[in-house]
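Data block for input36.txt (compact mmCIF, C-alpha atoms):
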# COMPACT_ATOMS: atom_id res chain seq x y z
CA PHE A 171 -96.42 81.45 -51.38
CA MET A 172 -93.61 79.70 -53.21
CA ALA A 173 -91.42 77.07 -51.52
CA THR A 174 -87.86 77.80 -52.58
CA GLY A 175 -86.17 74.62 -51.33
CA ILE A 176 -82.43 73.95 -51.08
CA PRO A 177 -79.95 72.44 -53.56
CA LYS A 178 -80.02 68.65 -53.96
CA GLY A 179 -77.63 66.85 -51.65
CA THR A 180 -77.68 69.56 -48.96
CA ARG A 181 -79.61 69.69 -45.67
CA ASP A 182 -81.11 72.07 -43.16
CA PHE A 183 -80.35 71.04 -39.58
CA ALA A 184 -83.30 71.85 -37.31
CA PRO A 185 -82.52 72.76 -33.66
CA LYS A 186 -83.13 69.24 -32.29
CA VAL A 187 -80.98 67.61 -34.97
CA LEU A 188 -78.23 70.17 -34.54
CA ALA A 189 -78.18 69.61 -30.78
CA LYS A 190 -77.51 65.93 -31.45
CA ARG A 191 -74.85 66.68 -34.07
CA ASN A 192 -73.13 69.09 -31.67
CA TYR A 193 -73.09 66.35 -29.03
CA ILE A 194 -71.07 64.19 -31.47
CA PHE A 195 -68.72 67.04 -32.48
CA ASP A 196 -68.20 68.12 -28.86
CA THR A 197 -67.38 64.54 -27.78
CA ILE A 198 -64.82 64.18 -30.59
CA LYS A 199 -63.31 67.64 -29.95
CA GLU A 200 -62.91 66.92 -26.25
CA VAL A 201 -60.97 63.70 -27.01
CA TYR A 202 -58.80 65.47 -29.61
CA ARG A 203 -58.07 68.19 -27.04
CA ARG A 204 -57.01 65.68 -24.37
CA TYR A 205 -54.47 64.19 -26.79
CA GLY A 206 -52.93 67.58 -27.54
CA PHE A 207 -54.44 68.21 -30.98
CA GLN A 208 -55.04 71.89 -31.75
CA PRO A 209 -57.95 73.32 -33.74
CA LEU A 210 -57.42 74.60 -37.29
CA GLU A 211 -59.83 76.07 -39.84
CA THR A 212 -59.13 76.78 -43.51
CA PRO A 213 -61.32 78.72 -46.00
CA ALA A 214 -64.33 77.09 -47.68
CA MET A 215 -62.73 77.97 -51.01
CA GLU A 216 -59.21 77.27 -52.18
CA ASN A 217 -57.44 78.20 -55.41
CA LEU A 218 -58.28 75.58 -58.03
CA SER A 219 -54.54 75.12 -58.60
CA THR A 220 -54.39 73.82 -55.00
CA LEU A 221 -57.24 71.35 -55.50
CA THR A 222 -56.93 69.98 -59.04
CA GLY A 223 -54.82 66.90 -59.67
CA LYS A 224 -54.86 65.86 -56.01
CA TYR A 225 -57.83 63.47 -56.07
CA GLY A 226 -57.35 61.74 -59.44
CA ASP A 227 -59.53 62.34 -62.52
CA GLU A 228 -62.69 61.25 -60.71
CA GLY A 229 -62.07 63.74 -57.93
CA ASP A 230 -61.37 66.59 -60.36
CA LYS A 231 -64.80 66.03 -61.91
CA LEU A 232 -66.43 66.32 -58.48
CA LEU A 233 -64.93 69.71 -57.61
CA PHE A 234 -67.41 72.56 -57.27
CA ARG A 235 -65.92 75.49 -59.19
CA ILE A 236 -66.65 79.13 -58.35
CA LEU A 237 -67.13 81.67 -61.15
CA ASN A 238 -64.72 84.61 -61.01
CA SER A 239 -66.49 87.71 -59.69
CA GLY A 240 -67.32 90.61 -61.97
CA ASP A 241 -67.19 90.06 -65.73
CA PHE A 242 -65.92 86.50 -65.72
CA LEU A 243 -66.01 86.30 -69.52
CA SER A 244 -63.67 89.26 -70.02
CA GLY A 245 -60.61 87.10 -70.65
CA VAL A 246 -62.37 84.69 -73.03
CA THR A 247 -62.23 85.10 -76.83
CA ASP A 248 -65.27 84.60 -79.09
CA THR A 249 -63.54 81.61 -80.67
CA GLU A 250 -63.11 79.94 -77.28
CA LEU A 251 -66.76 80.60 -76.48
CA ALA A 252 -67.88 79.16 -79.80
CA GLN A 253 -65.84 75.98 -79.27
CA LYS A 254 -67.79 75.28 -76.08
CA GLU A 255 -64.96 73.28 -74.52
CA ALA A 256 -66.17 73.17 -70.94
CA VAL A 257 -62.91 72.11 -69.27
CA LYS A 258 -60.83 74.74 -71.07
CA LEU A 259 -63.43 77.43 -70.43
CA SER A 260 -63.84 76.65 -66.76
CA SER A 261 -60.10 77.04 -66.18
CA LYS A 262 -60.38 80.59 -67.59
CA ILE A 263 -63.56 81.68 -65.83
CA CYS A 264 -63.03 79.91 -62.47
CA GLU A 265 -59.93 80.42 -60.35
CA LYS A 266 -61.39 79.04 -57.11
CA GLY A 267 -63.25 75.98 -55.95
CA LEU A 268 -64.93 74.67 -52.78
CA ARG A 269 -62.72 72.33 -50.76
CA TYR A 270 -63.28 68.61 -51.47
CA ASP A 271 -61.73 67.32 -48.25
CA LEU A 272 -59.75 68.66 -45.29
CA THR A 273 -56.48 66.86 -46.04
CA VAL A 274 -55.31 68.82 -49.08
CA PRO A 275 -56.07 72.21 -47.44
CA PHE A 276 -54.17 70.96 -44.37
CA ALA A 277 -51.18 69.99 -46.54
CA ARG A 278 -51.35 73.41 -48.22
CA TYR A 279 -51.48 75.11 -44.81
CA VAL A 280 -48.44 73.18 -43.53
CA ALA A 281 -46.44 73.98 -46.69
CA ASP A 282 -47.44 77.69 -46.55
CA ASN A 283 -46.61 78.04 -42.85
CA ARG A 284 -43.62 75.68 -42.51
CA GLY A 285 -41.55 78.48 -40.89
CA GLU A 286 -44.05 79.14 -38.08
CA ILE A 287 -45.10 75.58 -37.25
CA ALA A 288 -43.39 73.57 -34.50
CA PHE A 289 -43.19 69.94 -35.63
CA PRO A 290 -44.56 67.41 -34.93
CA PHE A 291 -47.77 69.35 -35.56
CA LYS A 292 -51.03 67.91 -34.23
CA ARG A 293 -54.17 69.50 -35.60
CA TYR A 294 -57.85 68.70 -35.69
CA GLN A 295 -60.35 70.21 -38.11
CA ILE A 296 -64.15 69.90 -38.15
CA GLN A 297 -65.62 71.68 -41.16
CA PRO A 298 -67.92 71.04 -44.13
CA VAL A 299 -66.57 69.85 -47.50
CA TRP A 300 -68.30 69.83 -50.89
CA ARG A 301 -68.48 67.24 -53.68
CA ALA A 302 -70.48 67.49 -56.89
CA ASP A 303 -71.54 63.88 -56.45
CA ARG A 304 -74.83 62.23 -57.41
CA PRO A 305 -76.83 62.59 -54.19
CA GLN A 306 -78.18 59.30 -52.80
CA LYS A 307 -79.08 57.81 -49.45
CA GLY A 308 -76.30 58.71 -47.03
CA ARG A 309 -74.29 60.58 -49.65
CA TYR A 310 -74.45 64.36 -49.65
CA ARG A 311 -72.94 67.18 -51.66
CA GLU A 312 -72.17 69.07 -48.48
CA PHE A 313 -71.07 67.14 -45.41
CA TYR A 314 -68.80 67.54 -42.40
CA GLN A 315 -65.46 65.87 -41.84
CA CYS A 316 -63.86 65.51 -38.38
CA ASP A 317 -60.17 65.00 -39.02
CA ALA A 318 -57.15 64.81 -36.76
CA ASP A 319 -53.61 64.47 -38.12
CA VAL A 320 -50.12 64.57 -36.72
CA VAL A 321 -47.38 65.46 -39.23
CA GLY A 322 -43.62 65.58 -38.91
CA SER A 323 -43.13 62.36 -36.95
CA ASP A 324 -42.52 58.73 -37.99
CA SER A 325 -43.05 57.33 -34.50
CA LEU A 326 -45.58 54.52 -34.15
CA LEU A 327 -46.60 56.06 -30.81
CA ASN A 328 -48.79 58.29 -33.01
CA GLU A 329 -50.58 55.19 -34.33
CA LEU A 330 -51.09 53.99 -30.76
CA GLU A 331 -52.67 57.36 -29.88
CA ILE A 332 -55.01 57.15 -32.84
CA VAL A 333 -56.33 53.78 -31.65
CA GLN A 334 -56.66 55.19 -28.11
CA MET A 335 -58.59 58.20 -29.43
CA ILE A 336 -60.93 55.94 -31.41
CA ASP A 337 -61.55 53.88 -28.28
CA ASP A 338 -62.16 57.01 -26.16
CA VAL A 339 -64.57 58.61 -28.62
CA PHE A 340 -66.71 55.51 -29.03
CA SER A 341 -66.73 54.66 -25.34
CA ASP A 342 -67.73 58.28 -24.58
CA LEU A 343 -70.54 57.88 -27.14
CA ASP A 344 -71.43 54.50 -25.58
CA LEU A 345 -71.02 52.62 -28.88
CA ARG A 346 -69.48 49.16 -29.25
CA VAL A 347 -67.06 49.02 -32.17
CA ALA A 348 -64.40 46.89 -33.83
CA VAL A 349 -61.15 48.55 -34.90
CA LYS A 350 -59.54 46.82 -37.86
CA ILE A 351 -55.87 47.50 -38.49
CA ASN A 352 -53.68 46.62 -41.45
CA ASN A 353 -50.46 47.92 -43.00
CA ARG A 354 -49.91 48.98 -46.58
CA LYS A 355 -46.38 47.53 -46.48
CA LEU A 356 -47.77 44.07 -45.70
CA LEU A 357 -50.11 44.33 -48.68
CA ALA A 358 -47.22 45.45 -50.89
CA GLY A 359 -45.13 42.51 -49.60
CA ILE A 360 -47.96 40.09 -50.39
CA ALA A 361 -48.29 41.48 -53.94
CA GLU A 362 -44.52 41.17 -54.43
CA ARG A 363 -44.39 37.63 -53.00
CA ILE A 364 -47.00 36.29 -55.44
CA GLY A 365 -45.12 37.93 -58.31
CA PHE A 366 -47.40 40.89 -59.08
CA PRO A 367 -45.98 43.92 -57.22
CA ASP A 368 -47.50 46.33 -59.76
CA LYS A 369 -50.99 44.92 -59.19
CA ILE A 370 -51.24 45.81 -55.51
CA VAL A 371 -54.28 48.07 -56.12
CA ASP A 372 -56.10 45.41 -58.19
CA ILE A 373 -55.35 42.76 -55.58
CA THR A 374 -56.50 44.84 -52.63
CA VAL A 375 -59.66 46.13 -54.37
CA ALA A 376 -60.63 42.49 -54.96
CA ILE A 377 -59.65 41.37 -51.44
CA ASP A 378 -61.68 44.24 -49.99
CA LYS A 379 -64.83 42.56 -51.36
CA LEU A 380 -64.23 39.28 -49.53
CA ASP A 381 -67.07 39.88 -47.03
CA LYS A 382 -69.49 40.94 -49.74
CA ILE A 383 -68.94 38.45 -52.57
CA GLY A 384 -67.10 35.49 -51.01
CA ALA A 385 -63.75 33.86 -51.78
CA GLU A 386 -64.75 32.13 -55.05
CA ASN A 387 -65.82 35.40 -56.66
CA VAL A 388 -62.70 37.17 -55.38
CA TYR A 389 -60.54 34.50 -57.08
CA LYS A 390 -62.55 34.98 -60.27
CA GLU A 391 -62.05 38.74 -60.17
CA LEU A 392 -58.31 38.33 -59.52
CA ALA A 393 -58.06 36.09 -62.58
CA GLU A 394 -59.90 38.70 -64.66
CA ARG A 395 -57.43 41.32 -63.42
CA GLY A 396 -54.56 39.28 -64.85
CA LEU A 397 -53.30 37.14 -61.96
CA THR A 398 -52.09 33.63 -62.81
CA ALA A 399 -53.68 30.52 -61.27
CA GLN A 400 -50.45 29.94 -59.32
CA ALA A 401 -50.46 33.50 -57.88
CA ILE A 402 -54.08 33.09 -56.76
CA LYS A 403 -53.23 29.72 -55.17
CA ASP A 404 -50.30 31.39 -53.34
CA LEU A 405 -52.65 34.09 -52.07
CA GLU A 406 -55.17 31.62 -50.61
CA PRO A 407 -53.55 31.08 -47.16
CA ILE A 408 -53.48 34.87 -46.65
CA LEU A 409 -57.16 35.27 -47.53
CA ASN A 410 -58.14 32.42 -45.22
CA ILE A 411 -55.85 33.47 -42.40
CA LYS A 412 -57.31 32.58 -38.99
CA GLY A 413 -56.08 32.44 -35.42
CA ASN A 414 -54.74 34.89 -32.87
CA PHE A 415 -52.26 37.67 -33.49
CA ALA A 416 -49.16 35.50 -32.92
CA GLU A 417 -50.42 32.83 -35.37
CA LYS A 418 -51.20 35.43 -38.03
CA MET A 419 -47.73 36.96 -37.61
CA GLU A 420 -46.08 33.54 -37.90
CA LEU A 421 -47.84 32.89 -41.21
CA LEU A 422 -46.97 36.39 -42.44
CA ARG A 423 -43.30 36.00 -41.52
CA ASN A 424 -43.12 32.82 -43.60
CA PHE A 425 -45.07 34.46 -46.41
CA VAL A 426 -43.66 37.98 -46.83
CA GLY A 427 -40.59 37.84 -44.55
CA GLU A 428 -38.38 37.44 -47.62
CA THR A 429 -39.44 40.75 -49.18
CA GLU A 430 -37.84 43.99 -48.04
CA ILE A 431 -41.14 45.90 -47.79
CA GLY A 432 -42.94 42.95 -46.15
CA LYS A 433 -40.22 42.78 -43.48
CA ARG A 434 -40.74 46.48 -42.67
CA GLY A 435 -44.51 45.93 -42.52
CA ILE A 436 -44.12 43.04 -40.05
CA ALA A 437 -41.82 45.14 -37.82
CA GLU A 438 -44.31 48.07 -37.82
CA VAL A 439 -47.30 45.85 -37.03
CA GLU A 440 -45.45 44.08 -34.21
CA THR A 441 -44.32 47.37 -32.68
CA LEU A 442 -47.84 48.85 -32.83
CA PHE A 443 -49.51 45.76 -31.37
CA GLY A 444 -46.78 45.64 -28.71
CA TYR A 445 -47.88 49.13 -27.63
CA LEU A 446 -51.58 48.19 -27.85
CA ASP A 447 -50.99 45.14 -25.61
CA MET A 448 -49.95 47.47 -22.78
CA PHE A 449 -53.54 48.71 -22.47
CA SER A 450 -57.01 47.30 -22.25
CA PHE A 451 -59.54 48.64 -24.74
CA LYS A 452 -63.31 48.66 -24.81
CA ALA A 453 -63.22 48.27 -28.59
CA GLU A 454 -62.38 44.96 -30.27
CA ILE A 455 -59.04 45.38 -32.00
CA GLU A 456 -57.80 43.06 -34.71
CA LEU A 457 -55.25 42.75 -37.47
CA ASP A 458 -57.29 42.40 -40.69
CA LEU A 459 -55.23 41.61 -43.78
CA THR A 460 -58.23 42.13 -46.06
CA LEU A 461 -58.56 45.79 -45.08
CA ALA A 462 -57.44 48.02 -47.96
CA ARG A 463 -59.14 51.47 -47.85
CA GLY A 464 -58.35 54.01 -50.62
CA LEU A 465 -54.92 52.62 -50.97
CA ASN A 466 -52.98 54.87 -53.29
CA TYR A 467 -52.72 57.35 -50.49
CA TYR A 468 -51.48 55.33 -47.53
CA THR A 469 -47.96 54.01 -46.95
CA GLY A 470 -48.12 52.39 -43.49
CA ALA A 471 -50.82 51.57 -40.94
CA ILE A 472 -54.47 51.65 -42.07
CA PHE A 473 -57.44 51.83 -39.69
CA GLU A 474 -61.13 51.23 -40.09
CA VAL A 475 -63.89 51.20 -37.49
CA LYS A 476 -67.19 49.31 -37.74
CA SER A 477 -70.17 49.38 -35.41
CA LEU A 478 -70.86 46.05 -33.66
CA GLU A 479 -74.47 47.04 -32.95
CA ALA A 480 -75.81 48.50 -36.21
CA GLN A 481 -75.60 47.61 -39.90
CA MET A 482 -73.49 50.44 -41.25
CA GLY A 483 -70.38 50.85 -43.38
CA SER A 484 -67.17 52.13 -41.85
CA ILE A 485 -67.84 54.91 -39.29
CA CYS A 486 -64.23 56.05 -38.93
CA GLY A 487 -61.01 55.45 -40.81
CA GLY A 488 -57.50 56.67 -41.48
CA GLY A 489 -53.89 55.74 -41.85
CA ARG A 490 -50.25 56.71 -42.30
CA TYR A 491 -49.05 58.59 -45.40
CA ASP A 492 -45.39 59.33 -46.04
CA ASP A 493 -45.59 62.34 -48.27
CA LEU A 494 -48.46 64.63 -47.40
CA THR A 495 -46.90 67.92 -48.43
CA GLY A 496 -44.63 66.79 -51.30
CA ILE A 497 -47.24 68.00 -53.81
CA PHE A 498 -46.62 71.49 -52.41
CA GLY A 499 -42.83 71.26 -52.49
CA LEU A 500 -42.25 70.36 -48.84
CA LYS A 501 -40.55 66.95 -48.95
CA ASP A 502 -40.36 64.10 -46.39
CA MET A 503 -43.27 65.14 -44.20
CA SER A 504 -44.76 61.93 -42.87
CA GLY A 505 -48.09 61.98 -41.10
CA VAL A 506 -50.85 59.80 -39.76
CA GLY A 507 -54.49 60.81 -39.58
CA ILE A 508 -58.00 59.78 -38.69
CA SER A 509 -61.46 60.92 -39.74
CA PHE A 510 -64.74 60.28 -37.89
CA GLY A 511 -67.85 59.91 -40.07
CA ALA A 512 -70.23 62.20 -38.17
CA ASP A 513 -73.25 61.47 -40.42
CA ARG A 514 -72.91 57.72 -40.03
CA ILE A 515 -72.22 57.97 -36.29
CA PHE A 516 -75.39 60.09 -36.03
CA ASP A 517 -77.41 57.37 -37.80
CA VAL A 518 -76.00 54.65 -35.52
CA LEU A 519 -76.76 56.63 -32.33
CA GLU A 520 -80.26 57.40 -33.62
CA GLN A 521 -80.94 53.78 -34.61
CA LEU A 522 -79.85 52.54 -31.18
CA GLY A 523 -81.55 55.37 -29.24
CA LYS A 524 -78.21 56.25 -27.65
CA PHE A 525 -78.40 60.05 -27.67
CA PRO A 526 -78.45 61.08 -24.00
CA GLU A 527 -81.51 63.04 -22.83
CA LYS A 528 -79.42 66.06 -21.91
CA THR A 529 -78.22 66.62 -25.50
CA LEU A 530 -81.71 67.74 -26.36
CA LYS A 531 -81.79 70.28 -23.56
CA GLY A 532 -83.77 73.14 -25.05
CA ILE A 533 -85.60 75.88 -23.16
CA ASP A 534 -86.05 75.10 -19.44
CA VAL A 535 -88.91 77.41 -18.56
CA LEU A 536 -91.50 79.80 -20.01
CA ILE A 537 -92.89 82.73 -18.01
CA THR A 538 -96.45 83.74 -18.92
CA ASN A 539 -97.43 87.25 -19.98
CA PHE A 540 -100.83 88.63 -18.87
CA GLY A 541 -100.09 92.36 -19.20
CA GLU A 542 -97.84 95.28 -18.23
CA LYS A 543 -98.03 94.84 -14.45
CA GLU A 544 -97.24 91.10 -14.60
CA VAL A 545 -94.35 91.69 -17.04
CA ALA A 546 -92.82 94.30 -14.72
CA TYR A 547 -92.97 91.73 -11.90
CA ALA A 548 -91.55 88.91 -14.06
CA LEU A 549 -88.64 90.68 -15.81
CA PRO A 550 -86.26 90.82 -12.79
CA VAL A 551 -86.69 87.09 -12.06
CA LEU A 552 -86.21 86.31 -15.77
CA LYS A 553 -82.82 88.05 -15.64
CA LYS A 554 -81.86 86.25 -12.40
CA MET A 555 -82.77 82.90 -13.96
CA ARG A 556 -80.62 83.56 -17.02
CA ASP A 557 -77.74 84.77 -14.82
CA SER A 558 -77.95 81.42 -13.00
CA GLY A 559 -77.52 79.53 -16.28
CA ILE A 560 -81.19 78.65 -16.79
CA SER A 561 -82.61 78.85 -20.33
CA ALA A 562 -85.73 80.95 -19.78
CA VAL A 563 -88.13 82.91 -21.99
CA LEU A 564 -90.94 85.34 -21.30
CA TYR A 565 -93.86 85.04 -23.71
CA PRO A 566 -93.50 88.35 -25.57
CA ASP A 567 -97.18 89.16 -26.15
CA SER A 568 -100.03 89.40 -23.68
CA SER A 569 -102.26 86.51 -24.87
CA LYS A 570 -104.77 83.92 -23.67
CA LEU A 571 -103.27 81.30 -21.33
CA LYS A 572 -104.25 78.49 -23.72
CA LYS A 573 -102.15 80.00 -26.52
CA GLN A 574 -99.12 80.41 -24.22
CA MET A 575 -99.45 76.83 -22.93
CA LYS A 576 -99.61 75.53 -26.51
CA TYR A 577 -96.40 77.45 -27.27
CA ALA A 578 -94.70 75.73 -24.33
CA ASP A 579 -95.92 72.34 -25.58
CA ASP A 580 -94.88 72.95 -29.19
CA ASN A 581 -91.36 73.80 -28.01
CA SER A 582 -91.15 70.94 -25.47
CA ILE A 583 -90.64 73.44 -22.61
CA PRO A 584 -90.98 71.33 -19.43
CA TYR A 585 -91.97 74.12 -16.99
CA VAL A 586 -94.20 77.20 -17.09
CA VAL A 587 -94.12 79.98 -14.49
CA LEU A 588 -97.54 81.62 -14.02
CA VAL A 589 -97.63 85.24 -12.88
CA GLY A 590 -100.97 86.85 -11.97
CA ASP A 591 -102.49 89.15 -9.33
CA LYS A 592 -102.31 86.51 -6.59
CA GLU A 593 -98.59 85.87 -7.17
CA ILE A 594 -97.77 89.59 -7.23
CA GLU A 595 -99.65 90.08 -3.96
CA ASN A 596 -97.90 87.11 -2.24
CA LYS A 597 -94.50 87.95 -3.80
CA THR A 598 -94.44 84.36 -5.19
CA PHE A 599 -94.48 82.46 -8.49
CA THR A 600 -96.58 79.47 -9.51
CA LEU A 601 -94.49 76.73 -11.19
CA LYS A 602 -96.35 74.26 -13.38
CA ASN A 603 -94.75 70.96 -14.45
CA MET A 604 -95.98 70.46 -18.04
CA LEU A 605 -95.47 66.68 -17.92
CA SER A 606 -97.25 65.85 -14.66
CA GLY A 607 -99.54 68.89 -14.62
CA GLU A 608 -98.80 69.59 -10.94
CA GLN A 609 -98.41 73.18 -9.70
CA GLN A 610 -96.63 74.68 -6.69
CA GLU A 611 -96.41 78.23 -5.37
CA VAL A 612 -92.80 79.15 -4.54
CA SER A 613 -90.65 82.13 -3.57
CA GLU A 614 -88.19 83.66 -6.03
CA SER A 615 -85.15 82.00 -4.43
CA ALA A 616 -86.90 78.60 -4.28
CA LEU A 617 -87.88 78.96 -7.94
CA ILE A 618 -84.27 79.50 -9.01
CA SER A 619 -82.90 76.71 -6.80
CA ILE A 620 -85.35 74.18 -8.33
CA PHE A 621 -83.54 74.64 -11.66
CA THR A 622 -79.98 75.03 -10.42
CA GLU A 623 -79.66 72.21 -7.90
Reformat the file's structure so that it appears as structure tokens.
Amino acid sequence: FMATGIPKGTRDFAPKVLAKRNYIFDTIKEVYRRYGFQPLETPAMENLSTLTGKYGDEGDKLLFRILNSGDFLSGVTDTELAQKEAVKLSSKICEKGLRYDLTVPFARYVADNRGEIAFPFKRYQIQPVWRADRPQKGRYREFYQCDADVVGSDSLLNELEIVQMIDDVFSDLDLRVAVKINNRKLLAGIAERIGFPDKIVDITVAIDKLDKIGAENVYKELAERGLTAQAIKDLEPILNIKGNFAEKMELLRNFVGETEIGKRGIAEVETLFGYLDMFSFKAEIELDLTLARGLNYYTGAIFEVKSLEAQMGSICGGGRYDDLTGIFGLKDMSGVGISFGADRIFDVLEQLGKFPEKTLKGIDVLITNFGEKEVAYALPVLKKMRDSGISAVLYPDSSKLKKQMKYADDNSIPYVVLVGDKEIENKTFTLKNMLSGEQQEVSESALISIFTE
């Protein structure tokens, strides 16, 4: 017997694990549905021309390429083979690749179907994506993303809805979280104000590490990235910003209110928080100027969610991007999106023991099998149980009771129905509770009502 195993960085999901994962997906889907997002699925593979150049050089290296079917070497010359230039070769022998995220396929879908779509278009998508990454703890080569995006609208009401959806999902999952909000335009204004508008990425990458390495080391890194001592000194009040929302805004107005982009950022943040103030949230919500996320992509609001109960990186994030579909020739299509990290949410729920009992609902009842006569008596009630929504199985082979009981135990089946001569004679069934061990003899209708009431 040879164990075949599965590729590194992939996983099998056993029934109990999958039941828990589906609980997370179903909770998220239900919230998306309430907010008017519609489901979309795109193929596992896309043309490589769709995928390459969209994720930067690093991303291109992490694309899984698919060999052309049939004789994939037919279009390759001997010279090209001899040169062994992998990149050149792969472009000739692979036309397709596995999707790397759900955003680029979504952009491709919107561009391809612009004539049929009514904008603003709200879609959610929960599907696996693939990355040829080095597998490590918590990082997989195949994992699921749970995205929702609305495209074709600039309104900040969409940002409000995203925060409301985050709050709904985590309160439905019974998890306490903090939602951190920032705006790319504020960060751009800050970079401009200290005289280094072109270094916004360097500045934010360094600022992002504030929690991890402390202010002194952030200043050191900024100096290494080419900022002057004066610029770093100017940045200090922003990094040490404290106080409530109004105090933070006052400082920001004085700091970036002069710059065009900073002014727009302040207006957006004030509008969004004005909306948020109309509601009470279970989550803690705060403006966090050190929040950067993968910046090159976002143009407005940025969101990140952290668990308040478990040590874990961000468990949900997203933001506003102004030009989702421009790469596919459809200009001026602004959108805002969010993605829930199902794997991390799973780990948090597991760590805190917060999966509800009912998610693990497996088989409700096993009916024993002691021979032809007993089976003939049991089959009609088995059908009635299933028709009433009960998950029921009949042991398929006539075996010793001990073996059938062990099967019920191994599968965590809480009840066993015993059918023998006595039961057939009395037109009854004996129901055994596998946890307490107690048994009761009941009629067919009583048996069904025990499970359905």
Spatial neighbours of segment 421-437 of chain A, max dist 7 Å, only C-alpha atoms, sep filter under 4 positions, as a ChimeraX atom specification: /A:353,355-356,358-360,363,417,441
Between atom CA of Leu442 of chain A and atom CA of Glu331 of chain A lies a distance of 10.2 Å
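Here the question is which of A:Leu457, A:Ala361, A:Ala393, A:Met604 gets nearest to Lys576 of chain A using only C-alpha atoms, and that residue is A:Met604.
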I'd like the neighbourhood of Glu593 of chain A as a PyMOL selection string, where a residue qualifies if any of its atoms comes within 10 Å (using all atoms listed in the file), though same-chain residues fewer than 3 positions away should be ignored. chain A and resi 544+547+588-590+596-600+611-613
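Computed from the coordinates, the atom CA of Asp579 of chain A to atom CA of Val187 of chain A distance equals 18.3 Å.
Distances from A:Val257, A:Val246, A:Ala578, A:Met335 to Lys231 of chain A were compared using all atoms listed in the file, and the smallest one belongs to A:Val257.
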Identify, on the basis of only C-alpha atoms, every residue whose closest approach to Leu530 of chain A does not exceed 12 Å; exclude the query and any residue fewer than 2 positions from it along the same chain; express the result as a VMD selection string. chain A and resid 184 to 193 525 to 528 532 to 534 581 to 583
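Shortest atom-to-atom contact with Val587 of chain A among A:Ser558, A:Ser261, A:Ser569, A:Thr538: A:Thr538, counting all atoms listed in the file.
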